[in-house]
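Here is model_16.tsv, consisting of TSV, N, CA and C atoms:
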```tsv
chain	number	residue	atom	x	y	z
A	1463	MET	N	82.96	172.56	164.44
A	1463	MET	CA	82.79	173.20	163.14
A	1463	MET	C	82.59	172.12	162.09
A	1464	ASP	N	81.60	172.29	161.27
A	1464	ASP	CA	81.22	171.31	160.26
A	1464	ASP	C	82.03	171.56	158.99
A	1465	TYR	N	82.29	170.50	158.22
A	1465	TYR	CA	83.09	170.70	157.02
A	1465	TYR	C	82.34	171.54	155.98
A	1466	HIS	N	81.05	171.67	156.08
A	1466	HIS	CA	80.29	172.52	155.16
A	1466	HIS	C	80.57	174.00	155.43
A	1467	ASP	N	80.92	174.33	156.66
A	1467	ASP	CA	81.16	175.72	157.03
A	1467	ASP	C	82.57	176.18	156.70
A	1468	MET	N	83.46	175.26	156.37
A	1468	MET	CA	84.86	175.64	156.13
A	1468	MET	C	84.99	176.31	154.77
A	1469	PRO	N	85.83	177.35	154.69
A	1469	PRO	CA	86.03	178.01	153.40
A	1469	PRO	C	86.85	177.11	152.46
A	1470	VAL	N	86.55	177.18	151.20
A	1470	VAL	CA	87.23	176.37	150.20
A	1470	VAL	C	88.27	177.25	149.53
A	1471	VAL	N	89.52	176.73	149.50
A	1471	VAL	CA	90.61	177.45	148.87
A	1471	VAL	C	90.96	176.72	147.59
A	1472	GLU	N	90.87	177.39	146.49
A	1472	GLU	CA	91.20	176.78	145.21
A	1472	GLU	C	92.51	177.34	144.72
A	1473	GLU	N	93.34	176.46	144.25
A	1473	GLU	CA	94.63	176.90	143.71
A	1473	GLU	C	94.55	176.82	142.20
A	1474	ASP	N	95.03	177.84	141.59
A	1474	ASP	CA	95.09	177.86	140.13
A	1474	ASP	C	96.43	177.30	139.71
A	1475	VAL	N	96.39	176.15	139.11
A	1475	VAL	CA	97.61	175.53	138.62
A	1475	VAL	C	97.55	175.56	137.11
A	1476	GLN	N	98.44	176.31	136.55
A	1476	GLN	CA	98.47	176.41	135.09
A	1476	GLN	C	99.84	175.99	134.60
A	1477	MET	N	99.85	175.13	133.61
A	1477	MET	CA	101.09	174.70	132.98
A	1477	MET	C	101.33	175.57	131.76
A	1478	GLU	N	102.48	176.16	131.73
A	1478	GLU	CA	102.81	176.97	130.56
A	1478	GLU	C	103.22	176.02	129.44
A	1479	GLU	N	102.72	176.31	128.27
A	1479	GLU	CA	103.08	175.48	127.14
A	1479	GLU	C	104.47	175.87	126.66
A	1480	GLY	N	105.23	174.86	126.28
A	1480	GLY	CA	106.56	175.12	125.74
A	1480	GLY	C	107.56	175.51	126.81
A	1481	THR	N	107.40	175.03	128.05
A	1481	THR	CA	108.38	175.36	129.08
A	1481	THR	C	109.70	174.70	128.74
A	1482	GLN	N	110.77	175.36	129.07
A	1482	GLN	CA	112.10	174.86	128.75
A	1482	GLN	C	112.76	174.32	130.01
A	1483	ARG	N	113.62	173.34	129.81
A	1483	ARG	CA	114.36	172.77	130.92
A	1483	ARG	C	115.49	173.69	131.33
A	1484	LYS	N	115.90	173.53	132.56
A	1484	LYS	CA	117.06	174.27	133.04
A	1484	LYS	C	118.30	173.67	132.42
A	1485	GLU	N	119.36	174.42	132.37
A	1485	GLU	CA	120.60	173.93	131.79
A	1485	GLU	C	121.15	172.73	132.56
A	1486	GLY	N	121.00	172.75	133.88
A	1486	GLY	CA	121.52	171.66	134.71
A	1486	GLY	C	120.73	170.38	134.55
A	1487	GLY	N	119.56	170.43	133.98
A	1487	GLY	CA	118.70	169.26	133.88
A	1487	GLY	C	118.84	168.51	132.58
A	1488	LYS	N	119.73	168.94	131.70
A	1488	LYS	CA	119.89	168.24	130.42
A	1488	LYS	C	120.52	166.88	130.62
A	1489	ARG	N	120.15	166.00	129.77
A	1489	ARG	CA	120.70	164.66	129.81
A	1489	ARG	C	121.74	164.51	128.72
A	1490	GLY	N	122.52	163.43	128.85
A	1490	GLY	CA	123.48	163.14	127.80
A	1490	GLY	C	124.87	163.65	128.14
A	1491	ARG	N	125.73	163.64	127.16
A	1491	ARG	CA	127.11	164.07	127.37
A	1491	ARG	C	127.20	165.57	127.48
A	1492	LYS	N	128.10	165.99	128.31
A	1492	LYS	CA	128.34	167.42	128.49
A	1492	LYS	C	129.55	167.82	127.66
A	1493	PRO	N	129.49	168.91	126.96
A	1493	PRO	CA	130.65	169.34	126.17
A	1493	PRO	C	131.78	169.83	127.09
A	1494	GLY	N	133.00	169.66	126.64
A	1494	GLY	CA	134.14	170.18	127.37
A	1494	GLY	C	134.81	169.17	128.28
A	1495	ARG	N	134.31	167.99	128.39
A	1495	ARG	CA	134.92	166.97	129.23
A	1495	ARG	C	135.56	165.93	128.34
A	1496	LYS	N	136.88	165.82	128.42
A	1496	LYS	CA	137.54	164.87	127.53
A	1496	LYS	C	138.57	164.03	128.26
A	1497	ALA	N	139.71	164.57	128.58
A	1497	ALA	CA	140.83	163.80	129.13
A	1497	ALA	C	140.50	163.21	130.50
A	1498	ALA	N	139.96	164.03	131.37
A	1498	ALA	CA	139.65	163.54	132.72
A	1498	ALA	C	138.57	162.48	132.67
A	1499	ASP	N	137.60	162.68	131.78
A	1499	ASP	CA	136.52	161.70	131.68
A	1499	ASP	C	137.01	160.36	131.15
A	1500	LYS	N	137.97	160.38	130.23
A	1500	LYS	CA	138.50	159.13	129.69
A	1500	LYS	C	139.18	158.32	130.78
A	1501	VAL	N	139.94	158.99	131.64
A	1501	VAL	CA	140.60	158.30	132.74
A	1501	VAL	C	139.57	157.74	133.70
A	1502	ASP	N	138.57	158.57	134.03
A	1502	ASP	CA	137.51	158.11	134.93
A	1502	ASP	C	136.75	156.95	134.30
A	1503	MET	N	136.49	157.02	133.02
A	1503	MET	CA	135.75	155.97	132.33
A	1503	MET	C	136.55	154.68	132.32
A	1504	LYS	N	137.87	154.77	132.08
A	1504	LYS	CA	138.70	153.57	132.09
A	1504	LYS	C	138.71	152.93	133.47
A	1505	ALA	N	138.81	153.75	134.50
A	1505	ALA	CA	138.80	153.23	135.86
A	1505	ALA	C	137.45	152.58	136.17
A	1506	LYS	N	136.38	153.20	135.73
A	1506	LYS	CA	135.05	152.67	135.96
A	1506	LYS	C	134.87	151.34	135.24
A	1507	LEU	N	135.34	151.26	134.00
A	1507	LEU	CA	135.25	150.01	133.26
A	1507	LEU	C	136.06	148.91	133.93
A	1508	GLU	N	137.25	149.25	134.43
A	1508	GLU	CA	138.08	148.26	135.10
A	1508	GLU	C	137.42	147.77	136.39
A	1509	ARG	N	136.81	148.69	137.13
A	1509	ARG	CA	136.08	148.29	138.35
A	1509	ARG	C	134.92	147.37	137.98
A	1510	SER	N	134.25	147.69	136.90
A	1510	SER	CA	133.13	146.87	136.45
A	1510	SER	C	133.60	145.47	136.05
A	1511	ARG	N	134.71	145.40	135.35
A	1511	ARG	CA	135.26	144.10	134.95
A	1511	ARG	C	135.65	143.28	136.18
A	1512	GLN	N	136.31	143.95	137.14
A	1512	GLN	CA	136.73	143.26	138.35
A	1512	GLN	C	135.51	142.74	139.12
A	1513	SER	N	134.50	143.57	139.20
A	1513	SER	CA	133.27	143.16	139.87
A	1513	SER	C	132.64	141.96	139.17
A	1514	ALA	N	132.65	141.96	137.86
A	1514	ALA	CA	132.09	140.84	137.09
A	1514	ALA	C	132.90	139.57	137.34
A	1515	ARG	N	134.24	139.69	137.39
A	1515	ARG	CA	135.08	138.52	137.67
A	1515	ARG	C	134.77	137.94	139.05
A	1516	GLU	N	134.63	138.83	140.03
A	1516	GLU	CA	134.32	138.37	141.39
A	1516	GLU	C	132.94	137.72	141.44
A	1517	CYS	N	132.00	138.28	140.73
A	1517	CYS	CA	130.65	137.72	140.68
A	1517	CYS	C	130.67	136.32	140.07
A	1518	ARG	N	131.42	136.16	138.99
A	1518	ARG	CA	131.51	134.83	138.37
A	1518	ARG	C	132.19	133.82	139.30
A	1519	ALA	N	133.21	134.27	140.03
A	1519	ALA	CA	133.88	133.38	140.97
A	1519	ALA	C	132.94	132.96	142.09
A	1520	ARG	N	132.16	133.91	142.62
A	1520	ARG	CA	131.19	133.57	143.66
A	1520	ARG	C	130.15	132.59	143.13
A	1521	LYS	N	129.70	132.82	141.91
A	1521	LYS	CA	128.69	131.95	141.31
A	1521	LYS	C	129.25	130.53	141.14
A	1522	LYS	N	130.50	130.44	140.71
A	1522	LYS	CA	131.12	129.14	140.52
A	1522	LYS	C	131.23	128.40	141.85
A	1523	LEU	N	131.64	129.10	142.91
A	1523	LEU	CA	131.73	128.49	144.24
A	1523	LEU	C	130.36	128.04	144.73
A	1524	ARG	N	129.36	128.87	144.50
A	1524	ARG	CA	128.01	128.52	144.93
A	1524	ARG	C	127.53	127.25	144.22
A	1525	TYR	N	127.79	127.14	142.92
A	1525	TYR	CA	127.38	125.96	142.18
A	1525	TYR	C	128.14	124.72	142.64
A	1526	GLN	N	129.44	124.87	142.94
A	1526	GLN	CA	130.21	123.74	143.44
A	1526	GLN	C	129.63	123.25	144.77
A	1527	TYR	N	129.32	124.20	145.65
A	1527	TYR	CA	128.74	123.85	146.94
A	1527	TYR	C	127.41	123.11	146.74
A	1528	LEU	N	126.57	123.62	145.86
A	1528	LEU	CA	125.27	122.98	145.63
A	1528	LEU	C	125.43	121.60	145.02
A	1529	GLU	N	126.39	121.42	144.11
A	1529	GLU	CA	126.63	120.11	143.51
A	1529	GLU	C	127.09	119.10	144.56
A	1530	GLU	N	127.97	119.55	145.48
A	1530	GLU	CA	128.41	118.67	146.56
A	1530	GLU	C	127.24	118.30	147.47
A	1531	LEU	N	126.40	119.28	147.75
A	1531	LEU	CA	125.23	119.05	148.59
A	1531	LEU	C	124.29	118.02	147.95
A	1532	VAL	N	124.07	118.16	146.65
A	1532	VAL	CA	123.20	117.23	145.92
A	1532	VAL	C	123.82	115.83	145.93
A	1533	ALA	N	125.14	115.73	145.72
A	1533	ALA	CA	125.80	114.43	145.71
A	1533	ALA	C	125.67	113.75	147.08
A	1534	ASP	N	125.85	114.53	148.15
A	1534	ASP	CA	125.71	113.97	149.49
A	1534	ASP	C	124.29	113.48	149.74
A	1535	ARG	N	123.33	114.25	149.32
A	1535	ARG	CA	121.93	113.86	149.50
A	1535	ARG	C	121.60	112.61	148.69
A	1536	GLU	N	122.15	112.51	147.48
A	1536	GLU	CA	121.89	111.33	146.66
A	1536	GLU	C	122.48	110.07	147.31
A	1537	LYS	N	123.68	110.22	147.92
A	1537	LYS	CA	124.27	109.08	148.64
A	1537	LYS	C	123.38	108.67	149.81
A	1538	ALA	N	122.87	109.66	150.53
A	1538	ALA	CA	121.99	109.37	151.66
A	1538	ALA	C	120.72	108.66	151.19
A	1539	VAL	N	120.17	109.08	150.07
A	1539	VAL	CA	118.97	108.46	149.52
A	1539	VAL	C	119.25	107.00	149.16
A	1540	LEU	N	120.41	106.75	148.55
A	1540	LEU	CA	120.75	105.38	148.17
A	1540	LEU	C	120.89	104.49	149.41
A	1541	LEU	N	121.53	105.01	150.46
A	1541	LEU	CA	121.66	104.23	151.69
A	1541	LEU	C	120.30	103.94	152.31
A	1542	LEU	N	119.43	104.93	152.32
A	1542	LEU	CA	118.09	104.73	152.88
A	1542	LEU	C	117.28	103.72	152.06
A	1543	ARG	N	117.43	103.76	150.74
A	1543	ARG	CA	116.72	102.78	149.90
A	1543	ARG	C	117.22	101.37	150.16
A	1544	LYS	N	118.54	101.26	150.33
A	1544	LYS	CA	119.13	99.94	150.62
A	1544	LYS	C	118.60	99.43	151.95
A	1545	GLU	N	118.53	100.30	152.96
A	1545	GLU	CA	118.00	99.91	154.26
A	1545	GLU	C	116.52	99.53	154.16
A	1546	LEU	N	115.76	100.29	153.38
A	1546	LEU	CA	114.35	99.99	153.19
A	1546	LEU	C	114.16	98.62	152.53
A	1547	ASP	N	114.97	98.34	151.51
A	1547	ASP	CA	114.89	97.03	150.85
A	1547	ASP	C	115.20	95.89	151.84
A	1548	LYS	N	116.18	96.13	152.72
A	1548	LYS	CA	116.54	95.13	153.72
A	1548	LYS	C	115.34	94.87	154.64
A	1549	TYR	N	114.70	95.94	155.09
A	1549	TYR	CA	113.55	95.77	156.00
A	1549	TYR	C	112.36	95.14	155.29
A	1550	ARG	N	112.19	95.43	154.03
A	1550	ARG	CA	111.10	94.79	153.27
A	1550	ARG	C	111.34	93.28	153.16
A	1551	SER	N	112.60	92.93	152.87
A	1551	SER	CA	112.90	91.49	152.76
A	1551	SER	C	112.74	90.82	154.12
A	1552	TRP	N	113.09	91.51	155.19
A	1552	TRP	CA	112.89	90.95	156.53
A	1552	TRP	C	111.40	90.74	156.79
A	1553	ALA	N	110.59	91.71	156.43
A	1553	ALA	CA	109.14	91.59	156.64
A	1553	ALA	C	108.58	90.41	155.85
A	1554	GLN	N	109.07	90.22	154.63
A	1554	GLN	CA	108.61	89.11	153.81
A	1554	GLN	C	109.02	87.78	154.44
A	1555	ASP	N	110.29	87.72	154.94
A	1555	ASP	CA	110.75	86.50	155.59
A	1555	ASP	C	109.91	86.19	156.84
A	1556	LEU	N	109.60	87.23	157.62
A	1556	LEU	CA	108.79	87.03	158.82
A	1556	LEU	C	107.38	86.56	158.46
A	1557	ASP	N	106.82	87.09	157.37
A	1557	ASP	CA	105.50	86.66	156.93
A	1557	ASP	C	105.50	85.18	156.53
A	1558	GLU	N	106.64	84.73	156.02
A	1558	GLU	CA	106.75	83.33	155.61
A	1558	GLU	C	107.20	82.43	156.77
A	1559	GLY	N	107.40	83.02	157.95
A	1559	GLY	CA	107.73	82.21	159.14
A	1559	GLY	C	109.21	82.00	159.34
A	1560	ARG	N	110.05	82.70	158.67
A	1560	ARG	CA	111.50	82.53	158.82
A	1560	ARG	C	112.06	83.72	159.60
A	1561	VAL	N	113.17	83.48	160.28
A	1561	VAL	CA	113.88	84.57	160.96
A	1561	VAL	C	114.95	85.08	159.99
A	1562	PRO	N	114.89	86.31	159.60
A	1562	PRO	CA	115.84	86.84	158.62
A	1562	PRO	C	117.26	86.94	159.18
A	1563	GLU	N	118.22	86.93	158.25
A	1563	GLU	CA	119.62	87.10	158.63
A	1563	GLU	C	119.82	88.52	159.18
A	1564	GLY	N	120.55	88.60	160.27
A	1564	GLY	CA	120.85	89.91	160.85
A	1564	GLY	C	119.81	90.39	161.83
A	1565	MET	N	118.64	89.80	161.83
A	1565	MET	CA	117.60	90.26	162.74
A	1565	MET	C	117.92	89.85	164.17
A	1566	GLN	N	118.46	88.64	164.33
A	1566	GLN	CA	118.81	88.19	165.67
A	1566	GLN	C	119.87	89.11	166.27
A	1567	GLN	N	120.85	89.46	165.47
A	1567	GLN	CA	121.92	90.36	165.94
A	1567	GLN	C	121.32	91.73	166.32
A	1568	LEU	N	120.42	92.24	165.51
A	1568	LEU	CA	119.78	93.52	165.78
A	1568	LEU	C	118.98	93.46	167.08
A	1569	LEU	N	118.26	92.38	167.28
A	1569	LEU	CA	117.47	92.22	168.51
A	1569	LEU	C	118.38	92.15	169.74
A	1570	GLU	N	119.52	91.47	169.59
A	1570	GLU	CA	120.46	91.39	170.71
A	1570	GLU	C	121.03	92.77	171.03
A	1571	GLU	N	121.35	93.54	170.00
A	1571	GLU	CA	121.88	94.89	170.22
A	1571	GLU	C	120.85	95.78	170.90
A	1572	VAL	N	119.62	95.73	170.44
A	1572	VAL	CA	118.55	96.53	171.04
A	1572	VAL	C	118.30	96.07	172.45
A	1573	GLY	N	118.30	94.75	172.67
A	1573	GLY	CA	118.11	94.19	174.00
A	1573	GLY	C	119.22	94.62	174.95
A	1574	ALA	N	120.46	94.65	174.45
A	1574	ALA	CA	121.59	95.07	175.26
A	1574	ALA	C	121.45	96.55	175.62
A	1575	LEU	N	120.95	97.34	174.71
A	1575	LEU	CA	120.77	98.75	174.99
A	1575	LEU	C	119.68	98.94	176.04
A	1576	LYS	N	118.66	98.14	175.98
A	1576	LYS	CA	117.57	98.26	176.96
A	1576	LYS	C	118.04	97.85	178.35
A	1577	LYS	N	118.90	96.81	178.41
A	1577	LYS	CA	119.41	96.35	179.71
A	1577	LYS	C	120.32	97.39	180.35
A	1578	GLU	N	121.09	98.11	179.53
A	1578	GLU	CA	122.02	99.11	180.05
A	1578	GLU	C	121.29	100.29	180.64
A	1579	THR	N	120.18	100.68	180.04
A	1579	THR	CA	119.45	101.86	180.53
A	1579	THR	C	118.54	101.59	181.64
```

Show this structure as structure tokens.
Amino acid sequence: MDYHDMPVVEEDVQMEEGTQRKEGGKRGRKPGRKAADKVDMKAKLERSRQSARECRARKKLRYQYLEELVADREKAVLLLRKELDKYRSWAQDLDEGRVPEGMQQLLEEVGALKKET
């Protein structure tokens, strides 16, 4: 069956002007709620405050952890830079024909490791 042969069903959708909302759909405060709502509201505010305190505590711990992590990484960077400077000075000494301090010891350690394996 071809789509040209199918009957077309049209729906009449008309919006009435000035339609009113249902009573249950109103927004805002409802009249007649006083004492019970105040207690509920106080409890809700207290829960909100407690949640905010916990959130701030978690945030503080997270920042402390990140600060420690950054400090550890900075220490590692300083150690690596110091090691790099040492190797640069060794390379310069080797270029000038000298055996740098500590290189002989390093070669002996590496040589000992090779002999063991």

One decimal, in Å: what's the spacing between atom N of A:Lys1522 and atom N of A:Glu1508?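 We find that atom N of A:Lys1522 and atom N of A:Glu1508 lie 20.9 Å from each other.
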
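Here atom CA of A:Val1501 is placed at a distance of 22.6 Å from atom CA of A:Glu1516.
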
Using all atoms of stretch 1502-1508 of chain A that appear in the file, construct an axis-aligned enclosing box with 6 Å of padding on every side and provide its centre coordinates and edge lengths in Å, rounded to one decimal, as JSON.
```
{"center_x": 136.8, "center_y": 153.2, "center_z": 134.2, "size_x": 15.9, "size_y": 22.8, "size_z": 16.3}
```

Can you measure atom C of A:Tyr1549 to atom CA of A:Leu1531 for me? One decimal in Å is fine. 28.0 Å

Please identify all polymer residues within 12 Å of A:Trp1552, counting only C-alpha atoms, omitting same-chain residues fewer than 2 positions from it, and present them as an MDAnalysis selection string. chainID A and resid 1545:1550 1554:1566 1568
